[in-house]
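Structure data (CSV, C-alpha atoms and all ligand atoms) from data08.csv:
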chain,number,residue,atom,x,y,z
A,47,MET,CA,-16.4,-15.9,-14.7
A,48,GLN,CA,-17.6,-18.6,-12.4
A,49,LYS,CA,-15.1,-17.4,-9.8
A,50,SER,CA,-16.3,-13.9,-9.9
A,51,ILE,CA,-19.9,-15.0,-9.4
A,52,GLN,CA,-18.7,-17.0,-6.4
A,53,ASN,CA,-17.0,-13.9,-5.1
A,54,TYR,CA,-20.2,-11.9,-5.6
A,55,LEU,CA,-22.2,-14.5,-3.7
A,56,ALA,CA,-19.7,-14.7,-0.9
A,57,PHE,CA,-19.7,-10.9,-0.6
A,58,PHE,CA,-23.5,-10.8,-0.5
A,59,ARG,CA,-23.6,-13.5,2.2
A,60,GLN,CA,-21.2,-11.3,4.3
A,61,PHE,CA,-23.4,-8.3,3.6
A,62,ARG,CA,-26.3,-10.1,5.2
A,63,GLN,CA,-24.4,-11.6,8.1
A,64,LYS,CA,-22.0,-8.7,8.9
A,65,PHE,CA,-23.8,-5.6,7.6
A,66,GLU,CA,-21.9,-3.0,9.7
A,67,THR,CA,-18.4,-4.1,8.6
A,68,THR,CA,-19.2,-5.2,5.0
A,69,GLY,CA,-21.2,-2.1,4.3
A,70,ALA,CA,-22.1,-2.9,0.6
A,71,VAL,CA,-24.3,-5.3,-1.3
A,72,ALA,CA,-21.7,-6.0,-4.0
A,73,PRO,CA,-18.0,-5.8,-4.5
A,74,SER,CA,-16.7,-2.7,-6.2
A,75,SER,CA,-16.8,-2.4,-10.0
A,76,ARG,CA,-13.6,-2.3,-12.0
A,77,PHE,CA,-14.3,1.4,-12.7
A,78,LEU,CA,-14.2,2.1,-9.0
A,79,ALA,CA,-11.1,-0.1,-8.6
A,80,THR,CA,-9.4,1.9,-11.4
A,81,ALA,CA,-10.2,5.2,-9.7
A,82,MET,CA,-9.0,3.9,-6.4
A,83,THR,CA,-5.6,3.1,-7.9
A,84,ARG,CA,-5.1,6.2,-10.1
A,85,TYR,CA,-2.2,7.6,-8.1
A,86,LEU,CA,-0.5,4.2,-7.7
A,87,ALA,CA,-0.8,3.9,-11.5
A,88,ALA,CA,1.0,7.3,-11.9
A,89,ARG,CA,3.9,6.6,-9.5
A,90,ASP,CA,7.5,6.7,-10.7
A,91,PRO,CA,8.1,3.2,-11.9
A,92,GLU,CA,11.8,3.3,-11.0
A,93,THR,CA,11.2,3.9,-7.2
A,94,PRO,CA,9.9,1.0,-5.1
A,95,VAL,CA,6.8,1.9,-3.1
A,96,ARG,CA,5.0,0.6,0.0
A,97,VAL,CA,1.2,0.0,-0.5
A,98,LEU,CA,-1.4,-0.7,2.2
A,99,GLU,CA,-4.9,-1.8,1.2
A,100,ILE,CA,-7.5,-1.7,4.0
A,101,GLY,CA,-10.7,-3.7,3.8
A,102,PRO,CA,-9.9,-5.6,0.5
A,103,GLY,CA,-13.0,-7.9,0.8
A,104,THR,CA,-13.1,-10.3,-2.1
A,105,GLY,CA,-10.4,-8.3,-3.9
A,106,PRO,CA,-11.7,-6.1,-6.7
A,107,VAL,CA,-9.4,-3.2,-5.8
A,108,THR,CA,-6.6,-5.7,-4.9
A,109,ASP,CA,-6.8,-7.0,-8.5
A,110,SER,CA,-6.1,-3.5,-9.8
A,111,ILE,CA,-3.2,-3.0,-7.3
A,112,VAL,CA,-1.5,-6.3,-8.0
A,113,ASN,CA,-1.4,-5.4,-11.7
A,114,LEU,CA,0.4,-2.2,-10.9
A,115,LEU,CA,3.1,-3.6,-8.5
A,116,ARG,CA,6.7,-3.9,-9.6
A,117,PRO,CA,9.6,-5.9,-8.2
A,118,GLY,CA,10.8,-4.3,-5.0
A,119,ASP,CA,7.4,-2.9,-4.0
A,120,ARG,CA,5.8,-4.0,-0.7
A,121,PHE,CA,2.1,-4.7,-0.4
A,122,ASP,CA,0.2,-5.3,2.8
A,123,LEU,CA,-3.5,-6.0,3.1
A,124,VAL,CA,-5.5,-5.6,6.3
A,125,GLU,CA,-8.9,-7.5,6.5
A,126,LEU,CA,-10.8,-8.6,9.5
A,127,ASN,CA,-13.3,-10.9,7.9
A,128,ASP,CA,-12.2,-14.6,8.0
A,129,GLU,CA,-14.2,-15.6,4.9
A,130,PHE,CA,-12.7,-12.7,2.8
A,131,VAL,CA,-9.2,-13.6,4.0
A,132,GLU,CA,-9.7,-17.1,2.8
A,133,ILE,CA,-10.8,-15.9,-0.6
A,134,LEU,CA,-7.8,-13.5,-0.9
A,135,GLU,CA,-5.4,-16.3,0.1
A,136,GLN,CA,-6.9,-18.5,-2.7
A,137,ARG,CA,-6.5,-15.7,-5.2
A,138,PHE,CA,-2.8,-15.2,-4.3
A,139,GLN,CA,-2.4,-19.0,-4.9
A,140,LYS,CA,-4.4,-19.4,-8.0
A,141,GLU,CA,-4.5,-16.3,-10.2
A,142,THR,CA,-1.5,-15.5,-12.3
A,143,SER,CA,-1.2,-11.8,-11.7
A,144,TRP,CA,-1.7,-12.3,-8.0
A,145,SER,CA,0.7,-15.2,-7.6
A,146,ALA,CA,3.4,-13.1,-9.4
A,147,VAL,CA,3.4,-10.7,-6.4
A,148,ARG,CA,2.8,-13.2,-3.6
A,149,GLN,CA,6.3,-13.0,-2.2
A,150,GLN,CA,6.1,-9.2,-1.7
A,151,SER,CA,2.5,-9.3,-0.3
A,152,THR,CA,1.1,-10.1,3.2
A,153,ILE,CA,-2.5,-10.5,4.3
A,154,HIS,CA,-3.0,-9.4,8.0
A,155,ARG,CA,-6.1,-10.8,9.5
A,156,LEU,CA,-7.1,-8.1,12.0
A,157,PRO,CA,-8.9,-4.8,12.3
A,158,ILE,CA,-7.0,-1.8,11.0
A,159,GLN,CA,-7.2,-0.1,14.4
A,160,ALA,CA,-5.0,-2.9,15.8
A,161,PHE,CA,-2.5,-3.0,12.9
A,162,GLN,CA,1.1,-1.9,13.6
A,163,ALA,CA,3.3,-1.3,10.6
A,164,THR,CA,7.1,-1.5,10.6
A,165,GLU,CA,7.4,1.5,8.3
A,166,PRO,CA,4.8,4.0,6.8
A,167,TYR,CA,3.3,3.7,3.4
A,168,ASP,CA,3.4,5.7,0.1
A,169,PHE,CA,-0.2,4.6,-0.7
A,170,VAL,CA,-3.0,3.8,1.7
A,171,ILE,CA,-6.1,2.5,-0.3
A,172,SER,CA,-9.1,2.0,1.9
A,173,GLY,CA,-12.5,0.4,1.2
A,174,LEU,CA,-13.9,0.7,4.7
A,175,PRO,CA,-17.6,1.6,5.1
A,176,LEU,CA,-16.9,4.5,7.5
A,177,ASN,CA,-20.5,5.8,7.3
A,178,ASN,CA,-21.6,2.6,9.2
A,179,PHE,CA,-19.2,3.0,12.1
A,180,PRO,CA,-19.6,4.8,15.5
A,181,ALA,CA,-18.1,8.3,15.2
A,182,ASP,CA,-15.3,7.6,17.7
A,183,LEU,CA,-14.2,4.5,15.6
A,184,VAL,CA,-14.1,6.7,12.5
A,185,LYS,CA,-11.8,9.1,14.4
A,186,THR,CA,-9.5,6.2,15.5
A,187,ILE,CA,-9.4,4.8,11.9
A,188,THR,CA,-8.8,8.1,10.2
A,189,ASP,CA,-6.0,8.9,12.7
A,190,ALA,CA,-4.6,5.4,11.8
A,191,TYR,CA,-4.7,6.3,8.0
A,192,PHE,CA,-2.5,9.3,8.5
A,193,ARG,CA,-0.2,7.6,11.1
A,194,LEU,CA,0.4,4.8,8.5
A,195,LEU,CA,1.0,7.2,5.6
A,196,LYS,CA,4.4,8.8,4.8
A,197,PRO,CA,4.6,12.6,4.5
A,198,GLY,CA,3.8,13.2,0.8
A,199,GLY,CA,1.9,9.8,0.7
A,200,THR,CA,-1.5,9.4,-0.9
A,201,LEU,CA,-4.7,8.2,0.8
A,202,SER,CA,-7.5,7.0,-1.5
A,203,TYR,CA,-10.8,5.9,-0.1
A,204,PHE,CA,-14.3,5.6,-1.5
A,205,GLU,CA,-17.7,6.5,-0.1
A,206,TYR,CA,-21.1,6.0,-1.6
A,207,MET,CA,-22.6,9.2,-3.1
A,208,TYR,CA,-24.8,11.4,-0.9
A,209,VAL,CA,-25.1,8.9,2.0
A,210,ARG,CA,-24.3,11.5,4.7
A,211,PRO,CA,-26.3,14.4,3.3
A,212,VAL,CA,-29.4,12.2,2.9
A,213,ARG,CA,-28.9,10.6,6.3
A,214,LYS,CA,-28.5,14.0,7.9
A,215,LYS,CA,-32.0,15.0,6.4
A,216,VAL,CA,-33.8,11.8,7.4
A,217,THR,CA,-32.4,10.8,10.8
A,218,HIS,CA,-32.8,12.2,14.4
A,219,GLY,CA,-31.3,12.0,17.8
A,220,ALA,CA,-28.2,9.8,18.3
A,221,GLU,CA,-28.0,8.7,14.7
A,222,LEU,CA,-28.1,12.3,13.5
A,223,GLN,CA,-25.3,13.2,16.0
A,224,ARG,CA,-23.2,10.2,14.7
A,225,ILE,CA,-23.5,11.0,11.1
A,226,THR,CA,-22.9,14.7,11.7
A,227,THR,CA,-19.7,14.0,13.6
A,228,ILE,CA,-18.4,11.6,10.9
A,229,ASP,CA,-19.2,14.2,8.2
A,230,SER,CA,-17.3,16.8,10.1
A,231,ILE,CA,-14.2,14.5,10.6
A,232,LEU,CA,-14.1,13.6,6.9
A,233,SER,CA,-14.9,17.0,5.6
A,234,ASP,CA,-12.1,18.6,7.7
A,235,HIS,CA,-9.6,16.1,6.2
A,236,CYS,CA,-10.8,16.8,2.7
A,237,ARG,CA,-10.7,20.5,3.2
A,238,ALA,CA,-7.1,20.3,4.4
A,239,MET,CA,-5.6,17.6,2.2
A,240,ARG,CA,-7.8,16.6,-0.8
A,241,ILE,CA,-6.0,16.6,-4.2
A,242,HIS,CA,-8.8,15.1,-6.3
A,243,ARG,CA,-12.2,13.5,-6.2
A,244,ASP,CA,-13.5,11.0,-8.8
A,245,SER,CA,-17.2,10.3,-9.4
A,246,VAL,CA,-17.8,6.7,-10.4
A,247,TRP,CA,-21.3,6.1,-11.7
A,248,ILE,CA,-20.8,2.5,-12.8
A,249,ASN,CA,-20.8,0.9,-9.4
A,250,ILE,CA,-23.5,-0.4,-7.1
A,251,PRO,CA,-24.2,2.1,-5.7
A,252,PRO,CA,-22.3,5.0,-7.4
A,253,ALA,CA,-19.4,6.3,-5.4
A,254,TRP,CA,-17.0,9.1,-4.9
A,255,VAL,CA,-13.3,8.4,-4.5
A,256,GLN,CA,-11.5,10.9,-2.3
A,257,HIS,CA,-7.7,11.3,-2.8
A,258,LEU,CA,-5.8,13.1,-0.1
A,259,ARG,CA,-2.1,13.9,0.2
A,260,LYS,CA,-0.4,14.0,3.6
A,261,PRO,CA,1.6,17.2,3.9
B,301,LIG,C1,-17.4,-2.0,1.6
B,301,LIG,S1,-16.4,-3.5,1.8
B,301,LIG,C2,-15.2,-3.2,0.5
B,301,LIG,C3,-14.6,-4.4,0.0
B,301,LIG,C4,-13.7,-4.2,-1.2
B,301,LIG,N1,-12.6,-3.3,-1.0
B,301,LIG,C5,-14.5,-3.7,-2.4
B,301,LIG,O1,-14.2,-2.6,-2.8
B,301,LIG,O2,-15.4,-4.4,-2.9
B,301,LIG,C6,-15.6,-3.2,3.3
B,301,LIG,C7,-14.5,-4.1,3.7
B,301,LIG,O3,-13.8,-3.7,4.9
B,301,LIG,C8,-13.6,-4.7,5.8
B,301,LIG,N2,-13.5,-4.1,7.1
B,301,LIG,C9,-14.5,-3.5,7.8
B,301,LIG,N3,-14.0,-3.0,9.0
B,301,LIG,C10,-12.7,-3.2,9.0
B,301,LIG,C11,-11.6,-2.9,9.9
B,301,LIG,N4,-11.9,-2.2,11.0
B,301,LIG,N5,-10.4,-3.3,9.6
B,301,LIG,C12,-10.1,-4.0,8.4
B,301,LIG,N6,-11.1,-4.4,7.5
B,301,LIG,C13,-12.4,-4.0,7.8
B,301,LIG,C14,-14.9,-5.6,5.6
B,301,LIG,O4,-14.7,-6.9,6.1
B,301,LIG,C15,-15.0,-5.5,4.1
B,301,LIG,O5,-14.1,-6.5,3.5

The structure in this file should be written as C-alpha cells.
Amino acid sequence: MQKSIQNYLAFFRQFRQKFETTGAVAPSSRFLATAMTRYLAARDPETPVRVLEIGPGTGPVTDSIVNLLRPGDRFDLVELNDEFVEILEQRFQKETSWSAVRQQSTIHRLPIQAFQATEPYDFVISGLPLNNFPADLVKTITDAYFRLLKPGGTLSYFEYMYVRPVRKKVTHGAELQRITTIDSILSDHCRAMRIHRDSVWINIPPAWVQHLRKP
C-alpha cells in the first residue's frame, strides 16, 4: 500500500516536471491495465510469445503483464524517463510476481523511436500519450508500432476519452492542425485494423483501449 502511494507521488512529480511525455496525472487503474492485457490473457498458453510494453511508467500495466507471462515468453519494456526506469528496476527486484519473470525481461532506457528489436513481437502494449506529441512524432511512433509487430500480432494502446474531439472544437491554428493530423493518423489505423475497443470508466481520466491486429 505504502509502495503504491509512493508510485502515485512519483508519477505526479513526473507529470509536473515532464508533462509532455508523462501525459497523465496518475498511473492507470487496474481496470485499465486489465483491458490493456485482454489479448495477452487470451493467448494460447502452450506457445511462447514476445511482448513489448512501451511507456510503462511506474508499472500498473506491467503488473498485469508479469502475471500473465509463462516460461519461455520474452518481455521487453521501453521507457525513456530515468525515474520511472529506477522504479521498474526496484519492482523487478522486490516484488514476487515481477522477480519471477526477471530473467526473461529487459528494461530498455530510451525513446521507442530509437529502439531496435532483434525480432518482432506478438503483443505491443503502449501507454504513450500520443495526443501530447507533435504530429510527425506520432507518425514515426505509430510506424514503429507496426514495424515492431509480427503479422497477426496485436497492438493495444489507450487514449483518454474525447480528448481529440474536444481539442478540435476549442483550439485554433497550429494546435488545431496538430490534433487534426494526429486524429487522422490514428483513425486511419483503427478503420483498417481495429478488432475491439474497451471503454474504461474507472480510471483518471476515463479511457478507451484500442486493440488492433496487424494483417
Ligand atoms: C501516460 S504515461 C503511462 C504510464 C503507464 N503505462 C500507466 O499506464 O500508468 C506515459 C509513459 O510513456 C513514457 N514515454 C513518453 N514518451 C516515450 C517515448 N517516446 N518512448 C518511451 N516511453 C515514453 C513516459 O515516460 C511515461 O512513463

**Report entry** Close residues to ligand LIG 301 (chain B) using all atoms listed in the file, limit 8 Å, as a ChimeraX atom specification
**Finding:** /A:66-70,72-75,78-79,100-108,124-127,130,155-159,172-175,187

Report summary line: Counting all atoms listed in the file, closest pick from A:Glu141, A:Asp168, A:Glu132, A:Asp122 relative to Asp109 (chain A) is A:Glu141

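If you count only C-alpha atoms and ignore residues fewer than 4 places along the chain from Gln223 (chain A), what sits within 12 Å of it is Pro180, Ala181, Asp182, Arg210, Arg213, Lys214, Lys215, Thr217, His218, Gly219, Thr227, Ile228, Asp229 and Ser230 of chain A.
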
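Distances here use only C-alpha atoms; by that measure, the residue among A:Arg224, A:Lys64, A:His257, A:Arg96 closest to Asn177 (chain A) is A:Arg224.
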
Query - Point-to-point distance in Å for CA of Leu86 (chain A) and CA of Lys260 (chain A) - result: 15.0 Å
